[in-house]
$ cat final.pdb   # PDB, C-alpha atoms
ATOM      1  CA  MET A  19       0.000   0.000   0.000  1.00  0.00           C
ATOM      2  CA  THR A  20       1.488   3.320  -1.029  1.00  0.00           C
ATOM      3  CA  GLN A  21       1.223   6.519   0.972  1.00  0.00           C
ATOM      4  CA  THR A  22       0.558   9.868  -0.561  1.00  0.00           C
ATOM      5  CA  ALA A  23       2.820  12.643   0.652  1.00  0.00           C
ATOM      6  CA  PRO A  24       0.996  15.660   2.090  1.00  0.00           C
ATOM      7  CA  THR A  25       0.619  18.381  -0.477  1.00  0.00           C
ATOM      8  CA  SER A  26       1.341  22.038   0.100  1.00  0.00           C
ATOM      9  CA  ALA A  27      -1.067  24.819  -0.695  1.00  0.00           C
ATOM     10  CA  SER A  28      -1.960  24.995  -4.351  1.00  0.00           C
ATOM     11  CA  PRO A  29      -0.235  27.612  -6.512  1.00  0.00           C
ATOM     12  CA  GLY A  30      -3.612  29.247  -7.110  1.00  0.00           C
ATOM     13  CA  LYS A  31      -4.288  29.662  -3.396  1.00  0.00           C
ATOM     14  CA  GLN A  32      -0.781  30.964  -2.808  1.00  0.00           C
ATOM     15  CA  MET A  33      -1.245  33.542  -5.554  1.00  0.00           C
ATOM     16  CA  LEU A  34      -4.569  34.689  -4.111  1.00  0.00           C
ATOM     17  CA  SER A  35      -3.068  34.927  -0.635  1.00  0.00           C
ATOM     18  CA  GLU A  36      -0.199  37.015  -2.013  1.00  0.00           C
ATOM     19  CA  GLN A  37      -2.656  39.357  -3.711  1.00  0.00           C
ATOM     20  CA  VAL A  38      -4.749  39.813  -0.574  1.00  0.00           C
ATOM     21  CA  TYR A  39      -1.616  40.323   1.511  1.00  0.00           C
ATOM     22  CA  ALA A  40      -0.338  43.019  -0.876  1.00  0.00           C
ATOM     23  CA  HIS A  41      -3.756  44.712  -0.865  1.00  0.00           C
ATOM     24  CA  LEU A  42      -3.906  44.721   2.941  1.00  0.00           C
ATOM     25  CA  ARG A  43      -0.349  45.922   3.396  1.00  0.00           C
ATOM     26  CA  ASP A  44      -0.788  48.774   0.917  1.00  0.00           C
ATOM     27  CA  ALA A  45      -4.141  49.801   2.389  1.00  0.00           C
ATOM     28  CA  ILE A  46      -2.747  49.956   5.927  1.00  0.00           C
ATOM     29  CA  MET A  47       0.322  51.895   4.803  1.00  0.00           C
ATOM     30  CA  ARG A  48      -1.819  54.371   2.834  1.00  0.00           C
ATOM     31  CA  GLY A  49      -3.880  55.088   5.901  1.00  0.00           C
ATOM     32  CA  ASP A  50      -7.083  53.574   4.497  1.00  0.00           C
ATOM     33  CA  TYR A  51      -7.554  52.103   7.985  1.00  0.00           C
ATOM     34  CA  ALA A  52      -7.362  54.240  11.100  1.00  0.00           C
ATOM     35  CA  PRO A  53      -5.313  53.084  14.116  1.00  0.00           C
ATOM     36  CA  GLY A  54      -7.247  50.409  15.964  1.00  0.00           C
ATOM     37  CA  ASP A  55      -9.616  49.635  13.084  1.00  0.00           C
ATOM     38  CA  ALA A  56     -10.809  46.046  12.919  1.00  0.00           C
ATOM     39  CA  LEU A  57      -9.689  43.872  10.005  1.00  0.00           C
ATOM     40  CA  LYS A  58     -12.641  41.523   9.621  1.00  0.00           C
ATOM     41  CA  PRO A  59     -11.841  38.345   7.675  1.00  0.00           C
ATOM     42  CA  GLN A  60     -15.430  37.901   6.504  1.00  0.00           C
ATOM     43  CA  ASP A  61     -15.621  41.430   5.096  1.00  0.00           C
ATOM     44  CA  LEU A  62     -12.211  41.147   3.437  1.00  0.00           C
ATOM     45  CA  ALA A  63     -13.108  37.779   1.898  1.00  0.00           C
ATOM     46  CA  ARG A  64     -16.274  39.256   0.445  1.00  0.00           C
ATOM     47  CA  GLU A  65     -14.527  42.405  -0.835  1.00  0.00           C
ATOM     48  CA  GLN A  66     -11.681  40.454  -2.440  1.00  0.00           C
ATOM     49  CA  GLY A  67     -13.795  37.564  -3.670  1.00  0.00           C
ATOM     50  CA  VAL A  68     -11.694  34.895  -1.960  1.00  0.00           C
ATOM     51  CA  SER A  69     -12.106  32.304   0.774  1.00  0.00           C
ATOM     52  CA  LEU A  70     -11.714  32.931   4.506  1.00  0.00           C
ATOM     53  CA  ALA A  71      -8.684  30.630   4.518  1.00  0.00           C
ATOM     54  CA  VAL A  72      -6.925  32.835   1.967  1.00  0.00           C
ATOM     55  CA  VAL A  73      -7.711  35.992   3.948  1.00  0.00           C
ATOM     56  CA  ARG A  74      -6.549  34.507   7.246  1.00  0.00           C
ATOM     57  CA  GLU A  75      -3.258  33.427   5.680  1.00  0.00           C
ATOM     58  CA  ALA A  76      -2.706  36.981   4.416  1.00  0.00           C
ATOM     59  CA  LEU A  77      -3.638  38.460   7.798  1.00  0.00           C
ATOM     60  CA  VAL A  78      -1.123  36.254   9.580  1.00  0.00           C
ATOM     61  CA  ARG A  79       1.604  37.624   7.296  1.00  0.00           C
ATOM     62  CA  VAL A  80       0.575  41.207   7.998  1.00  0.00           C
ATOM     63  CA  VAL A  81       0.628  40.485  11.738  1.00  0.00           C
ATOM     64  CA  GLY A  82       4.105  39.005  11.383  1.00  0.00           C
ATOM     65  CA  GLU A  83       5.316  42.284   9.875  1.00  0.00           C
ATOM     66  CA  GLY A  84       3.965  44.330  12.758  1.00  0.00           C
ATOM     67  CA  LEU A  85       1.339  46.073  10.633  1.00  0.00           C
ATOM     68  CA  ALA A  86      -1.601  44.422  12.422  1.00  0.00           C
ATOM     69  CA  ASP A  87      -2.372  42.792  15.756  1.00  0.00           C
ATOM     70  CA  ARG A  88      -4.097  39.522  16.486  1.00  0.00           C
ATOM     71  CA  LEU A  89      -6.354  40.148  19.460  1.00  0.00           C
ATOM     72  CA  PRO A  90      -7.527  37.266  21.678  1.00  0.00           C
ATOM     73  CA  ASN A  91     -11.175  36.475  20.915  1.00  0.00           C
ATOM     74  CA  ARG A  92     -11.456  39.694  18.884  1.00  0.00           C
ATOM     75  CA  GLY A  93      -9.840  38.866  15.558  1.00  0.00           C
ATOM     76  CA  PHE A  94      -7.429  41.202  13.785  1.00  0.00           C
ATOM     77  CA  ALA A  95      -6.939  44.949  13.929  1.00  0.00           C
ATOM     78  CA  VAL A  96      -4.605  47.719  12.788  1.00  0.00           C
ATOM     79  CA  PRO A  97      -2.252  48.590  15.670  1.00  0.00           C
ATOM     80  CA  ALA A  98      -3.744  51.128  18.049  1.00  0.00           C
ATOM     81  CA  PHE A  99      -2.054  54.502  18.350  1.00  0.00           C
ATOM     82  CA  SER A 100       0.214  53.777  21.293  1.00  0.00           C
ATOM     83  CA  ASP A 101       3.150  55.927  22.361  1.00  0.00           C
ATOM     84  CA  ARG A 102       4.645  52.978  24.212  1.00  0.00           C
ATOM     85  CA  ARG A 103       4.506  50.685  21.188  1.00  0.00           C
ATOM     86  CA  TRP A 104       6.332  53.073  18.887  1.00  0.00           C
ATOM     87  CA  GLN A 105       8.814  54.106  21.576  1.00  0.00           C
ATOM     88  CA  GLU A 106       9.716  50.441  22.050  1.00  0.00           C
ATOM     89  CA  ILE A 107      10.280  50.012  18.316  1.00  0.00           C
ATOM     90  CA  ALA A 108      12.382  53.171  18.236  1.00  0.00           C
ATOM     91  CA  GLU A 109      14.385  51.999  21.253  1.00  0.00           C
ATOM     92  CA  ALA A 110      15.168  48.720  19.506  1.00  0.00           C
ATOM     93  CA  ARG A 111      16.303  50.530  16.367  1.00  0.00           C
ATOM     94  CA  ARG A 112      18.408  53.055  18.324  1.00  0.00           C
ATOM     95  CA  THR A 113      20.078  50.181  20.145  1.00  0.00           C
ATOM     96  CA  ILE A 114      20.895  48.040  17.100  1.00  0.00           C
ATOM     97  CA  GLU A 115      21.228  50.192  13.980  1.00  0.00           C
ATOM     98  CA  PRO A 116      24.001  52.575  15.146  1.00  0.00           C
ATOM     99  CA  VAL A 117      26.090  49.538  16.114  1.00  0.00           C
ATOM    100  CA  VAL A 118      25.527  47.941  12.709  1.00  0.00           C
ATOM    101  CA  LEU A 119      26.330  51.259  11.014  1.00  0.00           C
ATOM    102  CA  ARG A 120      29.675  51.384  12.840  1.00  0.00           C
ATOM    103  CA  MET A 121      30.431  47.881  11.589  1.00  0.00           C
ATOM    104  CA  SER A 122      29.412  48.882   8.081  1.00  0.00           C
ATOM    105  CA  ILE A 123      31.721  51.911   8.085  1.00  0.00           C
ATOM    106  CA  GLU A 124      34.583  49.750   9.357  1.00  0.00           C
ATOM    107  CA  ARG A 125      34.058  46.898   6.875  1.00  0.00           C
ATOM    108  CA  GLY A 126      32.487  48.524   3.840  1.00  0.00           C
ATOM    109  CA  ASP A 127      34.534  48.646   0.666  1.00  0.00           C
ATOM    110  CA  VAL A 128      34.566  51.054  -2.286  1.00  0.00           C
ATOM    111  CA  ASP A 129      31.591  49.292  -3.869  1.00  0.00           C
ATOM    112  CA  TRP A 130      29.630  49.902  -0.665  1.00  0.00           C
ATOM    113  CA  GLU A 131      30.559  53.585  -0.805  1.00  0.00           C
ATOM    114  CA  ALA A 132      29.287  53.761  -4.388  1.00  0.00           C
ATOM    115  CA  ARG A 133      26.006  52.099  -3.425  1.00  0.00           C
ATOM    116  CA  VAL A 134      25.509  54.525  -0.536  1.00  0.00           C
ATOM    117  CA  ARG A 135      26.125  57.465  -2.860  1.00  0.00           C
ATOM    118  CA  ALA A 136      23.706  56.065  -5.451  1.00  0.00           C
ATOM    119  CA  ALA A 137      21.014  55.305  -2.860  1.00  0.00           C
ATOM    120  CA  HIS A 138      21.231  58.813  -1.456  1.00  0.00           C
ATOM    121  CA  HIS A 139      21.101  60.316  -4.929  1.00  0.00           C
ATOM    122  CA  ARG A 140      17.972  58.303  -5.705  1.00  0.00           C
ATOM    123  CA  LEU A 141      16.379  59.408  -2.436  1.00  0.00           C
ATOM    124  CA  THR A 142      17.025  63.087  -3.062  1.00  0.00           C
ATOM    125  CA  ARG A 143      15.694  62.833  -6.635  1.00  0.00           C
ATOM    126  CA  THR A 144      12.475  61.013  -5.723  1.00  0.00           C
ATOM    127  CA  PRO A 145       9.419  63.218  -5.033  1.00  0.00           C
ATOM    128  CA  ALA A 146       8.417  62.911  -1.405  1.00  0.00           C
ATOM    129  CA  SER A 147       4.739  63.234  -2.205  1.00  0.00           C
ATOM    130  CA  VAL A 148       2.402  62.958  -5.159  1.00  0.00           C
ATOM    131  CA  PRO A 149      -1.176  64.286  -5.319  1.00  0.00           C
ATOM    132  CA  GLN A 150      -2.784  60.883  -5.882  1.00  0.00           C
ATOM    133  CA  GLU A 151      -1.270  59.490  -2.675  1.00  0.00           C
ATOM    134  CA  GLY A 152      -2.553  62.237  -0.393  1.00  0.00           C
ATOM    135  CA  GLU A 153      -0.701  63.662   2.593  1.00  0.00           C
ATOM    136  CA  TYR A 154       1.613  60.725   3.189  1.00  0.00           C
ATOM    137  CA  TYR A 155       5.019  60.176   1.654  1.00  0.00           C
ATOM    138  CA  SER A 156       4.805  58.591  -1.784  1.00  0.00           C
ATOM    139  CA  SER A 157       5.353  54.863  -2.219  1.00  0.00           C
ATOM    140  CA  ALA A 158       8.360  55.547  -4.454  1.00  0.00           C
ATOM    141  CA  TRP A 159       9.950  57.831  -1.857  1.00  0.00           C
ATOM    142  CA  SER A 160       9.267  55.348   0.932  1.00  0.00           C
ATOM    143  CA  GLU A 161      11.053  52.614  -1.021  1.00  0.00           C
ATOM    144  CA  ALA A 162      13.989  54.916  -1.807  1.00  0.00           C
ATOM    145  CA  HIS A 163      14.127  55.805   1.885  1.00  0.00           C
ATOM    146  CA  ARG A 164      14.245  52.133   2.886  1.00  0.00           C
ATOM    147  CA  ILE A 165      16.947  51.357   0.336  1.00  0.00           C
ATOM    148  CA  PHE A 166      19.115  54.251   1.559  1.00  0.00           C
ATOM    149  CA  HIS A 167      18.951  53.175   5.204  1.00  0.00           C
ATOM    150  CA  ARG A 168      19.522  49.526   4.362  1.00  0.00           C
ATOM    151  CA  THR A 169      22.441  50.311   2.056  1.00  0.00           C
ATOM    152  CA  LEU A 170      24.125  52.252   4.838  1.00  0.00           C
ATOM    153  CA  LEU A 171      24.123  49.060   6.909  1.00  0.00           C
ATOM    154  CA  GLU A 172      24.950  46.534   4.185  1.00  0.00           C
ATOM    155  CA  GLY A 173      28.683  47.125   4.549  1.00  0.00           C
ATOM    156  CA  CYS A 174      28.544  45.138   7.799  1.00  0.00           C
ATOM    157  CA  GLY A 175      28.416  41.945   5.725  1.00  0.00           C
ATOM    158  CA  ASN A 176      26.240  40.158   8.273  1.00  0.00           C
ATOM    159  CA  PRO A 177      22.969  38.850   6.766  1.00  0.00           C
ATOM    160  CA  VAL A 178      21.482  38.056  10.192  1.00  0.00           C
ATOM    161  CA  LEU A 179      21.838  41.677  11.277  1.00  0.00           C
ATOM    162  CA  LEU A 180      20.382  42.865   7.987  1.00  0.00           C
ATOM    163  CA  GLN A 181      17.384  40.557   8.412  1.00  0.00           C
ATOM    164  CA  THR A 182      16.882  42.057  11.869  1.00  0.00           C
ATOM    165  CA  PHE A 183      16.905  45.511  10.299  1.00  0.00           C
ATOM    166  CA  ASP A 184      14.332  44.395   7.717  1.00  0.00           C
ATOM    167  CA  ARG A 185      11.927  43.241  10.433  1.00  0.00           C
ATOM    168  CA  MET A 186      12.347  46.381  12.513  1.00  0.00           C
ATOM    169  CA  TRP A 187      11.971  48.613   9.463  1.00  0.00           C
ATOM    170  CA  THR A 188       8.657  47.098   8.473  1.00  0.00           C
ATOM    171  CA  ALA A 189       7.367  47.261  12.042  1.00  0.00           C
ATOM    172  CA  SER A 190       8.296  50.935  12.310  1.00  0.00           C
ATOM    173  CA  GLU A 191       7.239  52.037   8.820  1.00  0.00           C
ATOM    174  CA  LEU A 192       3.640  52.707   9.801  1.00  0.00           C
ATOM    175  CA  ALA A 193       4.800  54.815  12.748  1.00  0.00           C
ATOM    176  CA  ARG A 194       7.135  56.772  10.505  1.00  0.00           C
ATOM    177  CA  ARG A 195       4.343  57.481   8.060  1.00  0.00           C
ATOM    178  CA  TRP A 196       2.109  58.717  10.827  1.00  0.00           C
ATOM    179  CA  SER A 197       4.951  60.944  11.966  1.00  0.00           C
ATOM    180  CA  ALA A 198       5.437  62.272   8.434  1.00  0.00           C
ATOM    181  CA  HIS A 199       1.697  62.909   8.198  1.00  0.00           C
ATOM    182  CA  ARG A 200       1.657  64.983  11.374  1.00  0.00           C
ATOM    183  CA  HIS A 201       4.997  66.776  10.906  1.00  0.00           C
ATOM    184  CA  PRO A 202       5.464  67.602   7.216  1.00  0.00           C
ATOM    185  CA  ASP A 203       8.058  70.331   7.905  1.00  0.00           C
ATOM    186  CA  ARG A 204      10.722  67.985   9.263  1.00  0.00           C
ATOM    187  CA  ASP A 205      14.097  68.417   7.526  1.00  0.00           C
ATOM    188  CA  GLY A 206      14.523  64.852   6.332  1.00  0.00           C
ATOM    189  CA  VAL A 207      16.717  65.967   3.436  1.00  0.00           C
ATOM    190  CA  GLY A 208      19.236  67.502   5.816  1.00  0.00           C
ATOM    191  CA  GLU A 209      19.191  64.497   8.142  1.00  0.00           C
ATOM    192  CA  HIS A 210      19.859  62.046   5.320  1.00  0.00           C
ATOM    193  CA  GLY A 211      22.542  64.279   3.859  1.00  0.00           C
ATOM    194  CA  ARG A 212      24.432  64.345   7.147  1.00  0.00           C
ATOM    195  CA  LEU A 213      24.134  60.563   7.408  1.00  0.00           C
ATOM    196  CA  GLU A 214      25.625  60.055   3.955  1.00  0.00           C
ATOM    197  CA  GLU A 215      28.410  62.560   4.570  1.00  0.00           C
ATOM    198  CA  ALA A 216      29.488  61.011   7.872  1.00  0.00           C
ATOM    199  CA  ALA A 217      29.334  57.455   6.538  1.00  0.00           C
ATOM    200  CA  LEU A 218      31.426  58.189   3.448  1.00  0.00           C
ATOM    201  CA  ALA A 219      33.887  60.180   5.546  1.00  0.00           C
ATOM    202  CA  ARG A 220      34.299  57.010   7.638  1.00  0.00           C
ATOM    203  CA  ASP A 221      33.366  59.036  10.729  1.00  0.00           C
ATOM    204  CA  ALA A 222      31.668  56.293  12.700  1.00  0.00           C
ATOM    205  CA  ASP A 223      31.096  58.383  15.827  1.00  0.00           C
ATOM    206  CA  THR A 224      29.302  61.161  13.962  1.00  0.00           C
ATOM    207  CA  ALA A 225      27.351  58.760  11.767  1.00  0.00           C
ATOM    208  CA  ALA A 226      26.103  56.784  14.765  1.00  0.00           C
ATOM    209  CA  GLU A 227      25.131  59.994  16.560  1.00  0.00           C
ATOM    210  CA  VAL A 228      23.271  61.388  13.534  1.00  0.00           C
ATOM    211  CA  LEU A 229      21.431  58.098  13.025  1.00  0.00           C
ATOM    212  CA  THR A 230      20.425  57.960  16.693  1.00  0.00           C
ATOM    213  CA  GLN A 231      19.065  61.517  16.503  1.00  0.00           C
ATOM    214  CA  HIS A 232      17.255  60.689  13.260  1.00  0.00           C
ATOM    215  CA  LEU A 233      15.480  57.716  14.840  1.00  0.00           C
ATOM    216  CA  THR A 234      14.746  59.623  18.045  1.00  0.00           C
ATOM    217  CA  MET A 235      13.032  62.444  16.149  1.00  0.00           C
ATOM    218  CA  THR A 236      10.675  60.015  14.452  1.00  0.00           C
ATOM    219  CA  ALA A 237       9.647  58.550  17.796  1.00  0.00           C
ATOM    220  CA  ALA A 238       9.367  61.950  19.486  1.00  0.00           C
ATOM    221  CA  ALA A 239       7.124  63.280  16.721  1.00  0.00           C
ATOM    222  CA  LEU A 240       4.457  60.787  17.732  1.00  0.00           C
ATOM    223  CA  THR A 241       4.297  62.034  21.322  1.00  0.00           C
ATOM    224  CA  ASP A 242       4.414  65.808  20.768  1.00  0.00           C
TER     225      ASP A 242
END

$ encode --input "final.pdb" --output "structure tokens"
Amino acid sequence: MTQTAPTSASPGKQMLSEQVYAHLRDAIMRGDYAPGDALKPQDLAREQGVSLAVVREALVRVVGEGLADRLPNRGFAVPAFSDRRWQEIAEARRTIEPVVLRMSIERGDVDWEARVRAAHHRLTRTPASVPQEGEYYSSAWSEAHRIFHRTLLEGCGNPVLLQTFDRMWTASELARRWSAHRHPDRDGVGEHGRLEEAALARDADTAAEVLTQHLTMTAAALTD
């Protein structure tokens, strides 16, 4: 008697789950949902024309990225506006990222320097906002912003540390967007310029200090 090996989710289901996940992630980041809003699987399944299983799989992924919470006996919801939550995220980033930046400045080669220069150039040349995306930073600028910060750290050569950055970045991205929404006059251009200058000058002390201040300002903006 032969045994049939368990099969994984079908490609069709995986594709649908990916689509629902992308829809949810984009909607939360755009501010389509207010802090604390419920994410009801039944409503999402009906809106997207998919099964509850597909929606729940997508919701679990969004929760894993820190863009939603799974509440006991209450389903899923966008994170509530909590000073403590965002301060904890900022504390984690202030603790880890300056250390990784120091390592990156110490270990980074000429190719790393070129990538930092290119990432900063792209950031400064990308419009921070576009009319169709409302008051928040544009999706293109947000991606350029992520690439610049990640490139600064890539010289460390440690994929585990970079994966840690990726998780923290995603968890803090919603907070940063709320900060940008409430404080549009912040001099982000100047902050990023000083970061690039210190990193390429191999001034680890200044670079770490500027990065710490940069992260602190984002957290402080949420509690003004």

$ resolve_selection --input "final.pdb" --expression "the PyMOL selection byres ((chain A and resi 227) around 12)" --output "list in words"
Arg112, Thr113, Glu115, Pro116, Val117, Leu119, Arg120, Glu209, Arg212, Leu213, Ala216, Ala217, Asp221, Ala222, Asp223, Thr224, Ala225, Ala226, Val228, Leu229, Thr230, Gln231, His232, Leu233 and Thr234 of chain A

$ atom_distance --input "final.pdb" --atom1 "CA of Val118 (chain A)" --atom2 "CA of Ala239 (chain A)"
24.3 Å

$ closest_residue --input "final.pdb" --among "A:Glu83, A:Glu65, A:Glu161, A:Glu172" --to "Met121 (chain A)" --atoms "all atoms listed in the file"
A:Glu172

$ residues_around --input "final.pdb" --residues "Val78 (chain A)" --least-positions-apart "4" --cutoff "10 Å" --atoms "all atoms listed in the file" --output "count of residues only"
9

$ axis_aligned_box --input "final.pdb" --around "region 228-236 of chain A" --padding-each-side "4 Å" --output "AutoDock Vina command-line options"
--center_x 17.0 --center_y 60.1 --center_z 15.5 --size_x 20.6 --size_y 12.7 --size_z 13.0

$ resolve_selection --input "final.pdb" --expression "the PyMOL selection byres ((chain A and resi 156) around 12)" --output "JSON list (two decimals) with C-alpha atoms, keeping the file's coordinate frame"
[["chain", "number", "residue", "atom", "x", "y", "z"],
["A", 44, "ASP", "CA", -0.79, 48.77, 0.92],
["A", 47, "MET", "CA", 0.32, 51.90, 4.80],
["A", 48, "ARG", "CA", -1.82, 54.37, 2.83],
["A", 141, "LEU", "CA", 16.38, 59.41, -2.44],
["A", 144, "THR", "CA", 12.48, 61.01, -5.72],
["A", 145, "PRO", "CA", 9.42, 63.22, -5.03],
["A", 146, "ALA", "CA", 8.42, 62.91, -1.40],
["A", 147, "SER", "CA", 4.74, 63.23, -2.20],
["A", 148, "VAL", "CA", 2.40, 62.96, -5.16],
["A", 149, "PRO", "CA", -1.18, 64.29, -5.32],
["A", 150, "GLN", "CA", -2.78, 60.88, -5.88],
["A", 151, "GLU", "CA", -1.27, 59.49, -2.68],
["A", 152, "GLY", "CA", -2.55, 62.24, -0.39],
["A", 153, "GLU", "CA", -0.70, 63.66, 2.59],
["A", 154, "TYR", "CA", 1.61, 60.72, 3.19],
["A", 155, "TYR", "CA", 5.02, 60.18, 1.65],
["A", 157, "SER", "CA", 5.35, 54.86, -2.22],
["A", 158, "ALA", "CA", 8.36, 55.55, -4.45],
["A", 159, "TRP", "CA", 9.95, 57.83, -1.86],
["A", 160, "SER", "CA", 9.27, 55.35, 0.93],
["A", 161, "GLU", "CA", 11.05, 52.61, -1.02],
["A", 162, "ALA", "CA", 13.99, 54.92, -1.81],
["A", 163, "HIS", "CA", 14.13, 55.80, 1.88],
["A", 195, "ARG", "CA", 4.34, 57.48, 8.06],
["A", 198, "ALA", "CA", 5.44, 62.27, 8.43],
["A", 199, "HIS", "CA", 1.70, 62.91, 8.20]]

$ atom_distance --input "final.pdb" --atom1 "CA of Gly54 (chain A)" --atom2 "CA of Gln66 (chain A)"
21.4 Å

$ resolve_selection --input "final.pdb" --expression "the PyMOL selection byres ((chain A and resi 180) around 12)" --output "ChimeraX atom specification"
/A:114-115,117-119,121-122,165,167-179,181-187

$ closest_residue --input "final.pdb" --among "A:Val207, A:Ser190, A:Val96, A:Arg164" --to "Asp50 (chain A)" --atoms "only C-alpha atoms"
A:Val96

$ residues_around --input "final.pdb" --residues "Gly93 (chain A)" --least-positions-apart "2" --cutoff "10 Å" --atoms "only C-alpha atoms" --output "ChimeraX atom specification"
/A:56-59,74,77,87-91,95

$ closest_residue --input "final.pdb" --among "A:Val80, A:Ala132, A:Leu62, A:Leu85" --to "Ala98 (chain A)" --atoms "all atoms listed in the file"
A:Leu85

$ closest_residue --input "final.pdb" --among "A:Glu131, A:Glu191, A:Glu75, A:Glu124" --to "Ala63 (chain A)" --atoms "all atoms listed in the file"
A:Glu75

$ closest_residue --input "final.pdb" --among "A:Ser69, A:Ser100, A:Gln60, A:Gln105" --to "Gln32 (chain A)" --atoms "only C-alpha atoms"
A:Ser69

$ closest_residue --input "final.pdb" --among "A:Val72, A:Glu109, A:Arg92, A:Pro53" --to "Leu34 (chain A)" --atoms "all atoms listed in the file"
A:Val72

$ atom_distance --input "final.pdb" --atom1 "CA of Gly49 (chain A)" --atom2 "CA of Trp104 (chain A)"
16.6 Å
